[in-house]
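**Q** The following file, entry.cif, comprises mmCIF, C-alpha atoms and all ligand atoms:
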```
data_query
loop_
_atom_site.label_atom_id
_atom_site.label_comp_id
_atom_site.auth_asym_id
_atom_site.auth_seq_id
_atom_site.Cartn_x
_atom_site.Cartn_y
_atom_site.Cartn_z
CA MET A 285 58.05 89.65 99.82
CA SER A 286 61.32 89.80 97.91
CA LYS A 287 64.49 90.68 99.76
CA THR A 288 65.87 94.25 99.66
CA ARG A 289 69.50 94.47 98.63
CA ALA A 290 71.91 97.34 98.10
CA ALA A 291 72.78 97.98 94.46
CA ILE A 292 75.58 100.14 93.14
CA THR A 293 73.73 102.62 90.93
CA GLY A 294 76.55 105.03 90.06
CA VAL A 295 80.29 105.55 90.20
CA GLY A 296 82.46 108.66 90.52
CA GLY A 297 86.18 109.26 90.68
CA PHE A 298 88.99 111.75 90.83
CA VAL A 299 92.75 111.61 90.41
CA PRO A 300 95.00 114.67 90.72
CA ASP A 301 96.68 116.09 87.60
CA TYR A 302 100.28 115.75 88.72
CA VAL A 303 101.92 112.58 87.36
CA LEU A 304 104.93 111.27 89.30
CA SER A 305 106.67 108.89 86.90
CA ASN A 306 109.20 106.16 87.67
CA LYS A 307 111.70 108.31 85.76
CA GLU A 308 111.18 111.20 88.16
CA LEU A 309 111.50 108.83 91.15
CA GLU A 310 114.89 107.77 89.73
CA THR A 311 116.05 111.34 90.44
CA MET A 312 114.73 111.24 94.03
CA VAL A 313 115.82 107.82 95.39
CA ASP A 314 118.16 105.00 94.39
CA THR A 315 115.78 103.10 92.12
CA THR A 316 115.12 102.37 88.45
CA ASP A 317 112.10 102.30 86.20
CA GLU A 318 113.04 98.71 85.39
CA TRP A 319 113.02 97.62 89.09
CA ILE A 320 109.71 99.31 89.87
CA THR A 321 108.00 98.00 86.73
CA SER A 322 109.19 94.42 87.09
CA ARG A 323 108.67 94.17 90.89
CA THR A 324 105.32 96.03 91.12
CA GLY A 325 103.80 96.74 87.68
CA ILE A 326 103.68 100.49 88.46
CA LYS A 327 104.78 103.06 85.85
CA GLU A 328 103.40 106.26 87.37
CA ARG A 329 101.16 107.56 90.14
CA ARG A 330 99.20 110.78 90.77
CA ILE A 331 100.11 113.29 93.49
CA LEU A 332 97.85 115.94 95.02
CA LYS A 333 99.94 119.12 95.19
CA GLY A 334 99.24 122.45 96.86
CA GLU A 335 98.64 123.98 100.27
CA ASN A 336 95.68 122.91 102.42
CA GLN A 337 94.70 120.09 100.09
CA GLY A 338 93.48 117.17 102.21
CA VAL A 339 91.95 113.91 101.07
CA SER A 340 88.49 115.50 101.30
CA VAL A 341 89.35 117.58 98.22
CA MET A 342 89.61 114.37 96.20
CA GLY A 343 86.62 112.76 97.94
CA ALA A 344 84.44 115.78 97.21
CA ALA A 345 85.57 115.88 93.58
CA ALA A 346 84.71 112.18 93.20
CA VAL A 347 81.27 112.73 94.77
CA ARG A 348 80.59 115.75 92.52
CA ASP A 349 81.43 113.54 89.52
CA LEU A 350 79.01 110.87 90.82
CA LEU A 351 76.19 113.36 91.49
CA ALA A 352 76.59 114.93 88.04
CA LYS A 353 76.49 111.52 86.32
CA THR A 354 73.54 110.15 88.30
CA LYS A 355 71.67 113.51 88.44
CA VAL A 356 71.04 112.99 92.14
CA ASP A 357 70.37 116.05 94.32
CA PRO A 358 72.92 116.10 97.19
CA LYS A 359 70.09 116.85 99.63
CA GLU A 360 68.68 113.35 98.91
CA ILE A 361 71.80 111.66 100.27
CA ASP A 362 71.16 109.96 103.63
CA CYS A 363 74.69 108.95 104.54
CA ILE A 364 78.31 109.35 103.38
CA ILE A 365 80.97 106.88 104.47
CA PHE A 366 84.60 107.69 103.66
CA ALA A 367 87.20 104.92 103.86
CA THR A 368 90.61 106.51 104.35
CA VAL A 369 93.74 106.32 106.49
CA THR A 370 94.83 109.82 105.50
CA PRO A 371 91.96 111.97 106.82
CA ASP A 372 92.38 115.75 106.59
CA MET A 373 92.62 115.85 110.39
CA VAL A 374 92.42 113.34 113.25
CA PHE A 375 88.92 114.74 113.68
CA PRO A 376 86.42 115.67 112.41
CA ALA A 377 85.93 112.93 109.83
CA SER A 378 86.77 113.75 106.22
CA ALA A 379 83.31 112.41 105.36
CA ASN A 380 81.86 115.38 107.31
CA LEU A 381 83.99 117.78 105.26
CA VAL A 382 82.91 116.16 102.00
CA ALA A 383 79.21 116.28 102.97
CA ASP A 384 79.54 120.00 103.68
CA GLU A 385 81.54 120.61 100.50
CA VAL A 386 79.02 118.91 98.18
CA GLY A 387 75.88 120.23 99.92
CA ALA A 388 74.72 116.88 101.36
CA THR A 389 73.04 118.75 104.20
CA ASN A 390 70.68 115.90 105.17
CA ALA A 391 73.37 113.23 105.39
CA PHE A 392 75.14 111.87 108.44
CA SER A 393 78.72 110.97 107.68
CA PHE A 394 81.70 109.16 109.14
CA ASP A 395 85.11 107.73 108.24
CA VAL A 396 86.20 104.10 108.21
CA SER A 397 89.83 103.18 108.92
CA ALA A 398 90.76 99.82 107.43
CA ALA A 399 93.68 100.76 105.17
CA CYS A 400 93.61 99.05 101.77
CA SER A 401 90.48 97.06 102.69
CA GLY A 402 88.66 100.21 103.80
CA PHE A 403 86.44 100.48 100.75
CA LEU A 404 85.21 96.89 101.17
CA TYR A 405 84.45 97.46 104.85
CA ALA A 406 82.66 100.76 104.13
CA LEU A 407 80.73 99.24 101.24
CA SER A 408 79.60 96.42 103.48
CA ALA A 409 78.44 98.89 106.16
CA GLY A 410 76.64 101.03 103.57
CA ALA A 411 74.97 97.96 102.08
CA GLY A 412 73.74 97.03 105.56
CA PHE A 413 72.14 100.47 106.02
CA ILE A 414 70.31 100.04 102.71
CA SER A 415 69.20 96.41 103.09
CA SER A 416 67.89 97.14 106.60
CA GLY A 417 65.43 99.54 104.99
CA MET A 418 66.66 102.47 107.11
CA TYR A 419 68.22 104.51 104.30
CA LYS A 420 67.67 104.95 100.57
CA LYS A 421 70.81 106.68 99.28
CA VAL A 422 74.27 106.02 100.71
CA ILE A 423 77.53 107.21 99.16
CA VAL A 424 80.64 105.17 99.90
CA ILE A 425 84.00 106.82 99.16
CA GLY A 426 87.42 105.21 99.18
CA GLY A 427 90.45 107.42 98.86
CA ASP A 428 93.82 108.35 100.25
CA LYS A 429 96.41 111.07 99.96
CA MET A 430 99.28 108.65 100.50
CA SER A 431 101.82 111.31 99.47
CA SER A 432 101.09 113.04 102.80
CA ILE A 433 102.50 110.09 104.80
CA LEU A 434 105.30 108.88 102.51
CA ASP A 435 108.99 109.31 103.15
CA TYR A 436 110.40 110.31 99.77
CA THR A 437 113.86 109.22 100.91
CA ASP A 438 112.67 105.60 101.48
CA ARG A 439 112.76 103.74 98.17
CA THR A 440 110.95 100.71 99.57
CA THR A 441 107.69 102.59 100.20
CA CYS A 442 107.61 105.84 98.22
CA ILE A 443 107.59 104.09 94.84
CA ILE A 444 104.43 102.09 95.55
CA PHE A 445 101.78 104.58 96.60
CA GLY A 446 99.80 107.37 94.94
CA ASP A 447 96.82 109.67 95.57
CA GLY A 448 93.23 109.31 94.36
CA ALA A 449 89.61 108.72 95.38
CA GLY A 450 86.56 107.00 93.97
CA CYS A 451 82.99 106.53 95.18
CA VAL A 452 79.76 104.66 94.54
CA LEU A 453 76.09 105.34 95.18
CA LEU A 454 74.11 102.58 96.91
CA GLU A 455 70.31 102.34 96.54
CA PRO A 456 67.76 99.64 97.38
CA THR A 457 66.70 97.02 94.87
CA THR A 458 64.55 93.92 94.97
CA GLU A 459 66.19 92.46 91.87
CA GLU A 460 68.89 89.75 92.07
CA VAL A 461 71.66 92.34 91.73
CA GLY A 462 73.85 94.39 94.05
CA ILE A 463 75.97 93.38 97.03
CA LEU A 464 75.30 89.64 97.24
CA ASP A 465 77.94 88.39 99.63
CA ALA A 466 80.94 89.57 101.62
CA GLU A 467 83.65 88.06 103.79
CA LEU A 468 85.67 90.57 105.83
CA LYS A 469 88.59 89.72 108.07
CA SER A 470 91.15 91.42 110.28
CA ASP A 471 94.11 90.43 112.44
CA GLY A 472 95.74 93.06 114.65
CA SER A 473 98.81 90.91 115.16
CA GLY A 474 99.80 92.07 111.66
CA ALA A 475 100.18 95.68 112.84
CA PRO A 476 103.98 95.57 113.31
CA TYR A 477 104.52 94.93 109.59
CA LEU A 478 102.60 97.90 108.18
CA HIS A 479 101.78 101.01 110.18
CA MET A 480 102.60 104.64 110.95
CA LYS A 481 104.46 104.91 114.25
CA ALA A 482 103.71 108.45 115.43
CA GLY A 483 100.87 110.95 115.39
CA GLY A 484 98.33 108.79 117.20
CA SER A 485 97.51 108.67 120.91
CA ARG A 486 100.30 106.18 121.62
CA MET A 487 103.03 108.45 120.32
CA PRO A 488 101.73 111.98 119.79
CA ALA A 489 103.62 114.32 117.47
CA SER A 490 106.72 115.91 118.98
CA HIS A 491 110.03 117.35 117.77
CA GLU A 492 111.53 113.95 118.43
CA THR A 493 108.98 112.03 116.35
CA VAL A 494 109.51 114.44 113.47
CA ASP A 495 113.30 114.26 113.76
CA LYS A 496 113.12 110.45 113.75
CA ARG A 497 110.87 110.46 110.65
CA LEU A 498 108.13 108.53 112.43
CA HIS A 499 105.17 110.17 110.65
CA TYR A 500 105.56 108.07 107.54
CA VAL A 501 104.37 104.65 106.32
CA TYR A 502 106.49 101.88 107.79
CA GLN A 503 106.28 98.60 105.87
CA GLU A 504 108.13 95.32 105.94
CA GLY A 505 107.38 94.72 102.29
CA SER A 506 108.27 91.10 101.76
CA THR A 507 106.34 89.97 104.90
CA VAL A 508 103.26 91.94 103.86
CA PHE A 509 103.64 90.54 100.36
CA LYS A 510 103.48 86.94 101.62
CA PHE A 511 100.39 87.58 103.79
CA ALA A 512 98.72 89.50 100.94
CA VAL A 513 99.21 86.75 98.38
CA THR A 514 97.93 84.02 100.69
CA ASN A 515 95.02 85.85 102.30
CA MET A 516 93.66 87.76 99.32
CA ALA A 517 93.68 84.65 97.16
CA GLU A 518 92.11 82.57 99.94
CA VAL A 519 89.26 84.96 100.74
CA ALA A 520 88.47 85.52 97.05
CA GLY A 521 88.43 81.73 96.64
CA GLU A 522 86.01 81.40 99.57
CA ILE A 523 83.55 83.87 98.02
CA VAL A 524 83.75 82.11 94.66
CA GLU A 525 83.29 78.64 96.12
CA ARG A 526 80.46 79.34 98.56
CA ASN A 527 78.47 81.09 95.82
CA HIS A 528 79.04 78.07 93.56
CA LEU A 529 80.62 80.23 90.88
CA LYS A 530 82.70 78.71 88.11
CA PRO A 531 85.43 80.87 86.56
CA GLU A 532 83.21 81.41 83.50
CA ASP A 533 80.47 82.87 85.76
CA ILE A 534 82.78 85.69 86.85
CA ALA A 535 82.85 88.69 84.53
CA TRP A 536 85.51 90.63 86.44
CA LEU A 537 87.96 90.24 89.28
CA VAL A 538 88.36 93.63 90.99
CA PRO A 539 91.54 93.29 93.05
CA HIS A 540 93.29 95.81 95.30
CA GLN A 541 96.13 97.36 93.32
CA ALA A 542 99.17 96.87 95.58
CA ASN A 543 101.46 94.84 93.38
CA LYS A 544 100.84 93.21 90.00
CA ARG A 545 102.41 90.00 91.29
CA ILE A 546 99.81 89.81 94.11
CA ILE A 547 97.01 90.50 91.60
CA ASP A 548 98.27 87.76 89.27
CA ALA A 549 98.43 85.23 92.13
CA THR A 550 94.88 86.06 93.26
CA ALA A 551 93.54 85.72 89.71
CA GLN A 552 95.32 82.42 89.25
CA ARG A 553 93.88 81.01 92.47
CA ALA A 554 90.33 82.00 91.42
CA GLY A 555 90.93 80.56 87.93
CA ILE A 556 90.34 83.94 86.29
CA THR A 557 92.21 84.84 83.12
CA GLU A 558 94.01 88.19 82.79
CA ASP A 559 91.48 89.63 80.33
CA LYS A 560 88.88 89.53 83.14
CA VAL A 561 91.06 91.24 85.75
CA MET A 562 90.56 94.96 86.26
CA MET A 563 93.92 96.69 86.47
CA ASN A 564 95.10 100.30 86.59
CA ILE A 565 98.11 99.91 88.89
CA ALA A 566 100.46 101.01 86.09
CA ARG A 567 98.85 104.48 86.03
CA TYR A 568 97.86 105.13 89.64
CA GLY A 569 100.01 102.85 91.82
CA ASN A 570 98.54 101.89 95.18
CA THR A 571 95.99 104.49 96.29
CA THR A 572 95.14 102.40 99.41
CA ALA A 573 91.34 102.76 99.97
CA GLY A 574 91.03 104.33 96.53
CA THR A 575 92.02 101.36 94.40
CA LEU A 576 88.70 99.47 94.18
CA PRO A 577 86.37 102.42 93.44
CA LEU A 578 88.91 103.82 90.96
CA LEU A 579 88.85 100.48 89.14
CA LEU A 580 85.03 100.61 88.96
CA TRP A 581 85.31 104.21 87.72
CA ASP A 582 87.81 103.27 85.01
CA TYR A 583 85.92 100.16 83.84
CA GLU A 584 82.32 101.38 84.32
CA LYS A 585 81.61 101.62 80.59
CA LYS A 586 82.56 97.96 80.07
CA LEU A 587 80.17 96.70 82.77
CA LYS A 588 76.80 95.19 81.95
CA LYS A 589 73.77 94.51 84.11
CA GLY A 590 74.08 91.02 85.59
CA ASP A 591 77.90 90.87 85.47
CA ASN A 592 79.36 89.09 88.50
CA LEU A 593 82.25 91.05 90.04
CA VAL A 594 84.53 89.62 92.73
CA LEU A 595 86.17 92.41 94.74
CA ALA A 596 89.18 91.51 96.89
CA ALA A 597 91.61 93.47 99.04
CA PHE A 598 94.40 93.11 101.59
CA GLY A 599 96.08 95.80 103.66
CA GLY A 600 97.42 97.22 106.89
CA GLY A 601 95.91 95.95 110.10
CA PHE A 602 96.05 93.34 108.77
CA THR A 603 92.68 93.69 107.10
CA TRP A 604 91.38 91.74 104.14
CA GLY A 605 88.21 90.62 102.45
CA ALA A 606 86.26 89.81 99.33
CA MET A 607 82.81 90.64 98.05
CA LEU A 608 80.47 89.40 95.34
CA VAL A 609 78.72 92.24 93.52
CA ARG A 610 76.26 91.68 90.68
CA TRP A 611 76.30 94.80 88.51
CA ALA A 612 72.94 96.58 88.46
CA TYR A 613 72.95 98.70 85.29
CA ASN A 614 74.23 99.11 81.77
CA SER A 615 76.44 102.15 81.27
CA ASN A 616 76.29 104.51 78.26
O1 LIG B 701 98.59 97.75 99.92
C1 LIG B 701 98.91 97.46 101.24
C2 LIG B 701 99.62 96.19 101.38
N1 LIG B 701 100.94 96.31 100.81
C3 LIG B 701 101.35 95.42 99.94
O2 LIG B 701 100.61 94.53 99.55
C4 LIG B 701 102.78 95.52 99.50
C5 LIG B 701 103.41 94.16 99.53
N2 LIG B 701 104.85 94.19 99.24
C6 LIG B 701 105.32 94.42 98.01
O3 LIG B 701 104.62 94.74 97.08
C7 LIG B 701 106.80 94.19 97.81
O4 LIG B 701 107.32 93.54 98.93
C8 LIG B 701 107.61 95.48 97.54
C9 LIG B 701 107.27 96.04 96.18
C10 LIG B 701 107.36 96.50 98.62
C11 LIG B 701 109.11 95.13 97.53
O5 LIG B 701 109.36 94.12 96.57
P1 LIG B 701 110.14 92.80 96.96
O6 LIG B 701 110.28 92.02 95.74
O7 LIG B 701 109.45 92.15 98.12
O8 LIG B 701 111.54 93.36 97.39
P2 LIG B 701 112.33 93.19 98.77
O9 LIG B 701 111.74 94.08 99.80
O10 LIG B 701 112.46 91.72 99.08
O11 LIG B 701 113.74 93.73 98.35
C12 LIG B 701 114.54 93.08 97.34
C13 LIG B 701 115.73 93.97 97.01
C14 LIG B 701 116.45 94.51 98.25
O12 LIG B 701 117.82 94.58 97.95
P3 LIG B 701 118.85 93.46 98.47
O13 LIG B 701 118.72 93.46 99.97
O14 LIG B 701 118.37 92.18 97.85
O15 LIG B 701 120.17 93.94 97.97
C15 LIG B 701 115.89 95.91 98.39
O16 LIG B 701 116.80 96.77 99.05
O17 LIG B 701 115.26 95.13 96.29
C16 LIG B 701 115.76 96.31 96.93
N3 LIG B 701 114.78 97.38 96.73
C17 LIG B 701 114.83 98.21 95.69
N4 LIG B 701 115.68 98.32 94.66
C18 LIG B 701 115.44 99.28 93.76
C19 LIG B 701 113.71 97.68 97.49
N5 LIG B 701 113.05 98.72 96.95
C20 LIG B 701 113.73 99.06 95.85
C21 LIG B 701 113.54 100.08 94.88
N6 LIG B 701 114.43 100.14 93.85
N7 LIG B 701 112.53 100.95 94.93
#
```
So that I can check it, write out the structure of this file as structure tokens.
Ligand code: UT7
**A**
Amino acid sequence: MSKTRAAITGVGGFVPDYVLSNKELETMVDTTDEWITSRTGIKERRILKGENQGVSVMGAAAVRDLLAKTKVDPKEIDCIIFATVTPDMVFPASANLVADEVGATNAFSFDVSAACSGFLYALSAGAGFISSGMYKKVIVIGGDKMSSILDYTDRTTCIIFGDGAGCVLLEPTTEEVGILDAELKSDGSGAPYLHMKAGGSRMPASHETVDKRLHYVYQEGSTVFKFAVTNMAEVAGEIVERNHLKPEDIAWLVPHQANKRIIDATAQRAGITEDKVMMNIARYGNTTAGTLPLLLWDYEKKLKKGDNLVLAAFGGGFTWGAMLVRWAYNSN
């Protein structure tokens, strides 16, 4: 009997309307469009504005887009996994809120916290549910409302991140397509370099934590940069080598959008030319768990059945990983 794999059979996405440009950031912190563009490749990012707008708003919008495109009834969905580090609340999971919002009344749902690698982790878990034969339709969302945890007086972090969410539908297949291989890694000793100090059980919210501005992203950028370049390139290389892929066998590199210089280094290491690298960092910045599904959303129309995609990410934790996905359908 042929093996059951999980195939991506649809993609959805959502980015908020508000565009925060480098020019506008110049009026908020001591920075320049030239510095941001040359050091990161980012020109603008989207921001979710308004009262009571959590990440689930974007996740639900992305799922509605997916359901409309694939014509799937939300009641058929077995499971929703939401990768995010900016859930609406500490609990319940934003995945629960999305399931309720879109009418996925038969689904169980939970969040995954793995920062910028969250979508890869969640996709791997979802693929496991499908290939085990237990479930037939799993939605995996990646998204973050980074603007909710950014200090807009800190020029080293506020210029990088943006808001957005994307999602995919996973279904079983016995063809040689879908999630073919994954290598996921984490190292908690990297926590000091990228984290949020307060608001968790170690340092619950108090007047003092607010006064000390501890509810924002803390990042030692150049240290994270070095780890990201080395580890993302290495893990992508591992996936390429152990699947005996030559650069010409790879249709697309799908790299986490943290910094164009990290993306370029990863592509170089895998021997992939720039025309085969998915990139939207200039328009959305770093949407943390949102970057990979938003790339698939943006590039979906260019993808053909049988295309080999190498997904790679690195982020807080540290967490990192790479995945080989063979595209399962022709768009249009
Ligand atoms: O997605 C999760 C994982 N995160 C990442 O992968 C991010 C990795 N890190 C990075 O992308 C980069 O480290 C940053 C974009 C955050 C910073 O770029 P960098 O080239 O590493 O700059 P740096 O931190 O080494 O700072 C260089 C200089 C400093 O000035 P001095 O000390 O040389 O005078 C900074 O104060 O650039 C200054 N600087 C800025 N100048 C203008 C830092 N941020 C800014 C800014 N505008 N926004």
**Q** Which residue gives the smallest distance to ligand LIG 701 (chain B) among A:Gly338, A:Gly605, A:Gly448, A:Gly325, with all atoms listed in the file counted?
**A**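 Going through A:Gly338, A:Gly605, A:Gly448, A:Gly325 one by one, the smallest distance to ligand LIG 701 (chain B) is for A:Gly325.
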**Q** Kindly provide the residues of chain A that approach ligand LIG 701 (chain B) to within 6 Å, each paired with its closest atom pair and their distance in Å to one decimal, based on all atoms listed in the file, listed by chain and increasing number, as CSV.
**A**
```
residue,atom,partner,partner_atom,distance
A:Thr315,CA,B:LIG701,N6,3.7
A:Thr316,CA,B:LIG701,N6,5.9
A:Trp319,CA,B:LIG701,C18,5.5
A:Arg323,CA,B:LIG701,O6,5.5
A:Thr324,CA,B:LIG701,C9,5.4
A:Cys400,CA,B:LIG701,O1,5.5
A:Arg439,CA,B:LIG701,N7,4.3
A:Thr440,CA,B:LIG701,N5,3.9
A:Ile443,CA,B:LIG701,N7,5.9
A:Gly505,CA,B:LIG701,O4,3.6
A:Ser506,CA,B:LIG701,O4,3.9
A:Val508,CA,B:LIG701,C5,4.9
A:Phe509,CA,B:LIG701,C5,3.7
A:Ala512,CA,B:LIG701,O2,5.6
A:Ala542,CA,B:LIG701,O1,4.5
A:Asn543,CA,B:LIG701,O3,4.9
A:Thr572,CA,B:LIG701,O1,5.8
A:Gly599,CA,B:LIG701,C1,4.1
A:Gly600,CA,B:LIG701,C1,5.8
```
**Q** Give me, as CSV, the closest atom pair and its distance (Å, one decimal) for every residue of range 321-432 of chain A within a cut-off of 12 Å of range 580-593 of chain A, counting all atoms listed in the file, rows sorted by chain and rising number.
**A**
```
residue,atom,partner,partner_atom,distance
A:Ala346,CA,A:Trp581,CA,9.7
A:Val347,CA,A:Trp581,CA,11.8
A:Asp349,CA,A:Trp581,CA,10.3
A:Leu350,CA,A:Trp581,CA,9.7
A:Lys353,CA,A:Trp581,CA,11.5
A:Phe403,CA,A:Leu580,CA,11.9
A:Ile425,CA,A:Trp581,CA,11.8
A:Gly426,CA,A:Leu580,CA,11.5
```
**Q** With C-alpha atoms retained, could you export that selection as a short mmCIF file (atom, residue, chain, number, x, y, z; two decimals), in the frame of the given file?
**A**
```
data_model
loop_
_atom_site.label_atom_id
_atom_site.label_comp_id
_atom_site.auth_asym_id
_atom_site.auth_seq_id
_atom_site.Cartn_x
_atom_site.Cartn_y
_atom_site.Cartn_z
CA ALA A 346 84.71 112.18 93.20
CA VAL A 347 81.27 112.73 94.77
CA ASP A 349 81.43 113.54 89.52
CA LEU A 350 79.01 110.87 90.82
CA LYS A 353 76.49 111.52 86.32
CA PHE A 403 86.44 100.48 100.75
CA ILE A 425 84.00 106.82 99.16
CA GLY A 426 87.42 105.21 99.18
#
```
**Q** Would you give me, as a tab-separated table, each residue of range 373-434 of chain A having an atom within 10 Å of an atom of range 450-456 of chain A, along with its shortest atom pair and that distance in Å to one decimal, using all atoms listed in the file and sorting by chain and residue number?
**A**
```
residue	atom	partner	partner_atom	distance
A:Phe403	CA	A:Cys451	CA	8.9
A:Leu407	CA	A:Leu454	CA	8.6
A:Gly410	CA	A:Leu454	CA	7.3
A:Ala411	CA	A:Leu454	CA	7.0
A:Phe413	CA	A:Leu454	CA	9.6
A:Ile414	CA	A:Pro456	CA	5.9
A:Ser415	CA	A:Pro456	CA	6.7
A:Ser416	CA	A:Pro456	CA	9.6
A:Gly417	CA	A:Pro456	CA	8.0
A:Tyr419	CA	A:Glu455	CA	8.3
A:Lys420	CA	A:Glu455	CA	5.5
A:Lys421	CA	A:Glu455	CA	5.2
A:Val422	CA	A:Leu454	CA	5.1
A:Ile423	CA	A:Leu453	CA	4.6
A:Val424	CA	A:Cys451	CA	5.4
A:Ile425	CA	A:Cys451	CA	4.1
A:Gly426	CA	A:Gly450	CA	5.6
A:Gly427	CA	A:Gly450	CA	6.3
A:Asp428	CA	A:Gly450	CA	9.7
```
**Q** The selected residues should be written to file as a tab-separated table (two decimals), in the frame of the given file (atoms: C-alpha atoms).
**A**
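part_33.tsv, freshly written:
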```tsv
chain	number	residue	atom	x	y	z
A	403	PHE	CA	86.44	100.48	100.75
A	407	LEU	CA	80.73	99.24	101.24
A	410	GLY	CA	76.64	101.03	103.57
A	411	ALA	CA	74.97	97.96	102.08
A	413	PHE	CA	72.14	100.47	106.02
A	414	ILE	CA	70.31	100.04	102.71
A	415	SER	CA	69.20	96.41	103.09
A	416	SER	CA	67.89	97.14	106.60
A	417	GLY	CA	65.43	99.54	104.99
A	419	TYR	CA	68.22	104.51	104.30
A	420	LYS	CA	67.67	104.95	100.57
A	421	LYS	CA	70.81	106.68	99.28
A	422	VAL	CA	74.27	106.02	100.71
A	423	ILE	CA	77.53	107.21	99.16
A	424	VAL	CA	80.64	105.17	99.90
A	425	ILE	CA	84.00	106.82	99.16
A	426	GLY	CA	87.42	105.21	99.18
A	427	GLY	CA	90.45	107.42	98.86
A	428	ASP	CA	93.82	108.35	100.25
```
**Q** If you measure from CA of His540 in chain A to CA of Thr603 in chain A, what distance in Å do you get, rounded to one decimal?
**A**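 Atom-to-atom, CA of His540 in chain A to CA of Thr603 in chain A, that is 12.0 Å.
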**Q** What gap, in Å, lies between CA of Asp495 in chain A and CA of Gly334 in chain A?
**A** 23.5 Å
**Q** Rounded to one decimal, what separation in Å do you get between CA of Met418 in chain A and CA of Thr458 in chain A?
**A**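 Atom-to-atom, CA of Met418 in chain A and CA of Thr458 in chain A are spaced 15.0 Å apart.
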**Q** Here is a test: counting only C-alpha atoms, which residue of A:Val561, A:Ala399, A:Ser408, A:Arg486 is nearest to Val501 in chain A?
**A**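 That would be A:Ala399, the residue with the smallest distance to Val501 in chain A.
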**Q** Which residue out of A:Ala449, A:Ala406, A:Val386, A:Ile326 has the minimum interatomic distance to Leu304 in chain A when all atoms listed in the file are used?
**A**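 Distance minimum relative to Leu304 in chain A lands on A:Ile326.
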**Q** Give me the residues within 10 Å of Thr441 in chain A as a ChimeraX atom specification, counting only C-alpha atoms and dropping any in the same chain fewer than 4 places off.
**A** /A:434-437,445,500-505
**Q** For each of A:Met487, A:Ile331, A:Leu576, A:Ala466, take the minimum atom-to-atom distance to Glu522 in chain A, counting only C-alpha atoms, then give the residue where this is smallest.
**A**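 With only C-alpha atoms as the atom set, the closest residue is A:Ala466.
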**Q** Calculated over only C-alpha atoms, which of the candidates A:Glu385, A:Asp447, A:Asp301, A:Glu532 has the smallest distance to Gly555 in chain A?
**A**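 For Gly555 in chain A, the nearest of the given residues is A:Glu532.
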**Q** I'd like to know which of A:Glu467, A:Glu310, A:Asp395, A:Glu335 is closest to Cys363 in chain A, using only C-alpha atoms.
**A**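 Between A:Glu467, A:Glu310, A:Asp395, A:Glu335, the residue approaching Cys363 in chain A most closely is A:Asp395.
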**Q** As AutoDock Vina command-line options, please report the centre and edge lengths, rounded to one decimal in Å, of the axis-aligned box that holds all listed atoms of range 520-527 of chain A with 5 Å of padding on each of the six sides.
**A**
```
--center_x 83.5 --center_y 82.1 --center_z 97.1 --size_x 20.0 --size_y 16.9 --size_z 14.9
```
**Q** What's the 12 Å shell around Ala551 in chain A, counting all atoms listed in the file, without same-chain residues fewer than 6 positions away, as a PyMOL selection string?
**A** chain A and resi 513-514+516-521+524+531+534+536-540+544-545+557-563+594-596
